Protein chains: 2
Amino acid sequence: MKAEYINPFIAALENFCETMLGCSVERGKLKVANSALEIEHPEIDQAFAKYDISAIIGLTGKVRGTVVLSFPAKTALMIARRFLDTEKIFKIDEIVIDAVAEMVNIVAGNAKTHLSDELGLIKLSLPTVVRGRNFEIRYPTGSIWLQIPFNSDLGPFFMQVSFEKV
Amino acid sequence: MKAEYINPFIAALENFCETMLGCSVERGKLKVANSALEIEHPEIDQAFAKYDISAIIGLTGKVRGTVVLSFPAKTALMIARRFLDTEKIFKIDEIVIDAVAEMVNIVAGNAKTHLSDELGLIKLSLPTVVRGRNFEIRYPTGSIWLQIPFNSDLGPFFMQVSFEKV
């Protein structure tokens with residue numbers, strides 16, 4: 001994937017945070033990675049944040065890809081509270097799972113409309129949420145993915161985007 | 001989703017195991033679940049197997065969905081050995097990640113050709129693999145998913161399929 005394809009995803013994420021969460025985000029350093037690189041440099045893997053909850057959505061069309069948003073539990077909780085305008089969320093339950101699933105759905109949906117000029121119609125799969133401790137999201141060898149860390153007043157999180165033209 | 005939509009996925013999985021792995025599988029009892037049910041009956045969640053490695057792929061078209069294959073580490077190792085015809089795989093590394101990603105890609109790809117008569121063209125996203133200890137795959141509230149446990153001479157595993165018409 002071309003690095004500039006990440007821009008509509010970043011713009012969509014920043015827009016979501018500003019308009020739906022009323023929070024500004026600070027973007028960290030873009031990281032480009034692939035599995036082959038990881039095998040040669042296993043220390044790079046250590047630098048990847050491993051968070052507690054991740055929302056994943058698939059993209060199809062003239063591209064095949066995935067978008068992942070990963071959050072520490074506390075950030076996910078704060079985002080769900082802000083998204084649903086309530087303080088009454090105290091644990092990672094179905095409400096939080098729905099909130100992060102909806103967030104990845106909206107961000108990917110918004111980004112795809114901006115990518116469609118160049119890449120044609122893109123469709124989204126259903127979002128899936130992974131919850132746990134100490135899990136990693138991986139891609140097949142040879143895939144290239146971009147990871148962008150964000151910081152916000154709701155806490156840190158990151159986005160991973162991977163796709164290839166078909 | 002209609003329960004009969006699961007059949008092409010089961011057939012594709014059984015076919016993959018027989019032709020690509022030379023192993024026969026025994027299908028367990030189909031389980032239909034949704035998140036609303038889980039909230040009312042939290043004990044149901046306990047019954048869901050939590051395995052060490054899961055391969056996820058998205059479906060789009062007139063349906064939106066996901067297919068998940070989940071394996072204990074030992075089953076994934078045995079499948080990768082058989083798939084690549086080598087005994088020299090001893091841990092969950094990139095080779096095993098690639099093998100289970102390819103397995104979900106082939107199974108979903110085979111199933112979609114059989115579903116296309118009724119549901120039109122279906123496309124697949126890139127596969128994603130989750131690896132860890134004690135993680136769960138979840139879907140947004142209201143989603144219905146089907147889970148089928150399998151047993152084989154390479155070990156137990158399960159498949160989850162969730163989709164909705166758009």
# chains A, B, ... in the order shown; residues from 1 in each chain; ligands from 1
call {"tool": "interface_residues", "arguments": {"of": "chain B", "to": "chain A", "cutoff": "10 Å", "atoms": "only C-alpha atoms", "output": "NGL selection string"}}
result
:B and (35-36 or 38-39 or 52-61 or 63-68 or 93-102 or 122-143 or 162-164)
call {"tool": "select_by_dssp", "arguments": {"residues": "chain A", "states": "strand (DSSP E)", "output": "ChimeraX atom specification"}}
result
/A:25-27,31-34,53-60,63-71,123-124,128-138,144-152,157-165
call {"tool": "residues_around", "arguments": {"residues": "Phe71 (chain B)", "least_positions_apart": "2", "cutoff": "8 Å", "atoms": "only C-alpha atoms", "output": "PyMOL selection string"}}
result
chain B and resi 51-54+69+73-76+156-158
call {"tool": "residues_around", "arguments": {"residues": "region 17-23 of chain B", "least_positions_apart": "6", "cutoff": "8 Å", "atoms": "only C-alpha atoms", "output": "number ranges by chain"}}
result
B: 79, 82-83, 152-154
call {"tool": "write_last_selection", "arguments": {"atoms": "N, CA and C atoms", "output": "CSV table (one decimal), in the first residue's frame"}}
result
chain,number,residue,atom,x,y,z
B,79,ILE,N,-1.7,-28.3,12.3
B,79,ILE,CA,-2.3,-27.9,11.0
B,79,ILE,C,-1.2,-27.3,10.1
B,82,ARG,N,1.1,-30.1,8.8
B,82,ARG,CA,0.4,-30.9,7.8
B,82,ARG,C,0.3,-30.1,6.5
B,83,PHE,N,-0.1,-28.8,6.6
B,83,PHE,CA,-0.4,-28.0,5.5
B,83,PHE,C,0.9,-27.8,4.7
B,152,SER,N,-10.7,-33.2,15.4
B,152,SER,CA,-9.9,-33.8,14.3
B,152,SER,C,-8.7,-34.5,14.9
B,153,ASP,N,-8.0,-35.3,14.1
B,153,ASP,CA,-6.8,-36.0,14.6
B,153,ASP,C,-5.7,-35.0,14.8
B,154,LEU,N,-5.9,-33.7,14.3
B,154,LEU,CA,-4.9,-32.7,14.6
B,154,LEU,C,-5.3,-31.8,15.8
call {"tool": "atom_distance", "arguments": {"atom1": "CA of Phe9 (chain B)", "atom2": "CA of Ala111 (chain B)"}}
result
5.0 Å
call {"tool": "residues_around", "arguments": {"residues": "Met159 (chain A)", "least_positions_apart": "6", "cutoff": "12 Å", "atoms": "only C-alpha atoms", "output": "compact mmCIF listing (two decimals) with N, CA and C atoms, in the first residue's frame"}}
result
# COMPACT_ATOMS: atom_id res chain seq x y z
N ILE A 6 -2.98 6.22 3.80
CA ILE A 6 -3.31 6.31 5.23
C ILE A 6 -4.02 7.62 5.56
N ASN A 7 -3.78 8.66 4.72
CA ASN A 7 -4.27 9.99 5.09
C ASN A 7 -5.79 10.08 5.29
N PHE A 9 -7.72 7.83 6.39
CA PHE A 9 -8.04 7.17 7.65
C PHE A 9 -7.70 8.07 8.84
N ILE A 10 -6.56 8.75 8.73
CA ILE A 10 -6.18 9.68 9.80
C ILE A 10 -7.18 10.83 9.88
N ALA A 11 -7.55 11.35 8.71
CA ALA A 11 -8.51 12.47 8.69
C ALA A 11 -9.86 12.02 9.27
N ALA A 12 -10.28 10.81 8.91
CA ALA A 12 -11.57 10.30 9.40
C ALA A 12 -11.52 10.09 10.91
N LEU A 13 -10.39 9.60 11.40
CA LEU A 13 -10.26 9.37 12.84
C LEU A 13 -10.27 10.70 13.59
N GLU A 14 -9.50 11.66 13.09
CA GLU A 14 -9.45 12.96 13.76
C GLU A 14 -10.83 13.62 13.74
N ARG A 27 -1.29 13.19 16.95
CA ARG A 27 -0.83 12.04 16.19
C ARG A 27 0.65 11.78 16.48
N GLY A 28 0.99 10.53 16.73
CA GLY A 28 2.39 10.15 16.93
C GLY A 28 3.06 9.80 15.61
N LYS A 29 4.19 9.19 15.69
CA LYS A 29 4.99 8.92 14.50
C LYS A 29 4.45 7.69 13.75
N LEU A 30 4.19 7.88 12.46
CA LEU A 30 3.74 6.78 11.61
C LEU A 30 4.80 5.69 11.55
N LYS A 31 4.35 4.46 11.68
CA LYS A 31 5.27 3.34 11.63
C LYS A 31 4.84 2.43 10.47
N VAL A 32 5.78 2.10 9.62
CA VAL A 32 5.48 1.19 8.52
C VAL A 32 6.12 -0.15 8.86
N PHE A 48 5.73 -2.46 19.47
CA PHE A 48 4.31 -2.35 19.17
C PHE A 48 3.50 -2.42 20.46
N ALA A 49 2.63 -1.46 20.64
CA ALA A 49 1.78 -1.45 21.83
C ALA A 49 0.83 -2.64 21.78
N LYS A 50 0.61 -3.28 22.89
CA LYS A 50 -0.38 -4.34 22.98
C LYS A 50 -1.47 -3.86 23.93
N TYR A 51 -2.62 -3.65 23.37
CA TYR A 51 -3.68 -3.06 24.18
C TYR A 51 -4.76 -4.09 24.51
N SER A 54 -9.51 -4.36 20.81
CA SER A 54 -9.27 -3.94 19.43
C SER A 54 -10.52 -4.16 18.61
N ALA A 55 -10.85 -3.19 17.78
CA ALA A 55 -11.97 -3.31 16.85
C ALA A 55 -11.39 -3.43 15.45
N ILE A 56 -11.86 -4.44 14.71
CA ILE A 56 -11.30 -4.78 13.41
C ILE A 56 -12.40 -4.72 12.36
N ILE A 57 -12.11 -4.14 11.18
CA ILE A 57 -13.09 -4.18 10.10
C ILE A 57 -12.37 -4.44 8.79
N THR A 66 -7.65 -4.30 5.95
CA THR A 66 -8.28 -4.25 7.28
C THR A 66 -7.88 -2.96 7.98
N VAL A 67 -8.76 -2.51 8.83
CA VAL A 67 -8.49 -1.37 9.70
C VAL A 67 -8.69 -1.84 11.13
N VAL A 68 -7.74 -1.55 11.99
CA VAL A 68 -7.81 -1.95 13.39
C VAL A 68 -7.64 -0.71 14.27
N LEU A 69 -8.50 -0.58 15.25
CA LEU A 69 -8.31 0.44 16.30
C LEU A 69 -8.08 -0.30 17.61
N SER A 70 -7.00 0.02 18.31
CA SER A 70 -6.66 -0.68 19.56
C SER A 70 -6.56 0.28 20.72
N PHE A 71 -7.15 -0.12 21.83
CA PHE A 71 -7.24 0.76 23.00
C PHE A 71 -6.85 0.06 24.29
N MET A 103 -17.15 2.86 16.27
CA MET A 103 -16.08 3.82 15.96
C MET A 103 -15.29 3.36 14.74
N VAL A 104 -14.89 2.09 14.69
CA VAL A 104 -14.11 1.61 13.54
C VAL A 104 -14.97 1.60 12.27
N VAL A 107 -15.19 5.37 11.16
CA VAL A 107 -13.90 5.86 10.66
C VAL A 107 -13.59 5.23 9.29
N ALA A 108 -13.75 3.91 9.18
CA ALA A 108 -13.46 3.24 7.90
C ALA A 108 -14.46 3.67 6.84
N ILE A 137 -2.37 -8.43 17.25
CA ILE A 137 -3.00 -8.50 15.94
C ILE A 137 -1.88 -8.71 14.93
N TRP A 145 1.77 -3.02 6.81
CA TRP A 145 0.75 -2.26 7.51
C TRP A 145 1.35 -1.00 8.09
N LEU A 146 0.47 -0.05 8.25
CA LEU A 146 0.87 1.24 8.81
C LEU A 146 0.24 1.36 10.18
N GLN A 147 1.02 1.78 11.13
CA GLN A 147 0.48 1.97 12.48
C GLN A 147 0.72 3.40 12.91
N ILE A 148 -0.33 4.02 13.43
CA ILE A 148 -0.21 5.40 13.90
C ILE A 148 -0.69 5.45 15.35
N PRO A 149 0.19 5.82 16.27
CA PRO A 149 -0.24 6.03 17.64
C PRO A 149 -0.89 7.40 17.79
N PHE A 150 -1.89 7.46 18.65
CA PHE A 150 -2.54 8.74 18.94
C PHE A 150 -2.55 8.96 20.44
N ASN A 151 -2.52 10.21 20.82
CA ASN A 151 -2.75 10.54 22.21
C ASN A 151 -3.91 11.53 22.27
call {"tool": "atom_distance", "arguments": {"atom1": "CA of Thr113 (chain A)", "atom2": "CA of Lys165 (chain B)"}}
result
20.9 Å
call {"tool": "atom_distance", "arguments": {"atom1": "CA of Val25 (chain A)", "atom2": "CA of His114 (chain A)"}}
result
20.5 Å
call {"tool": "select_by_dssp", "arguments": {"residues": "chain A", "states": "helix (DSSP H, G or I)", "output": "MDAnalysis selection string"}}
result
chainID A and resid 3:20 35:40 42:47 73:84 94:119
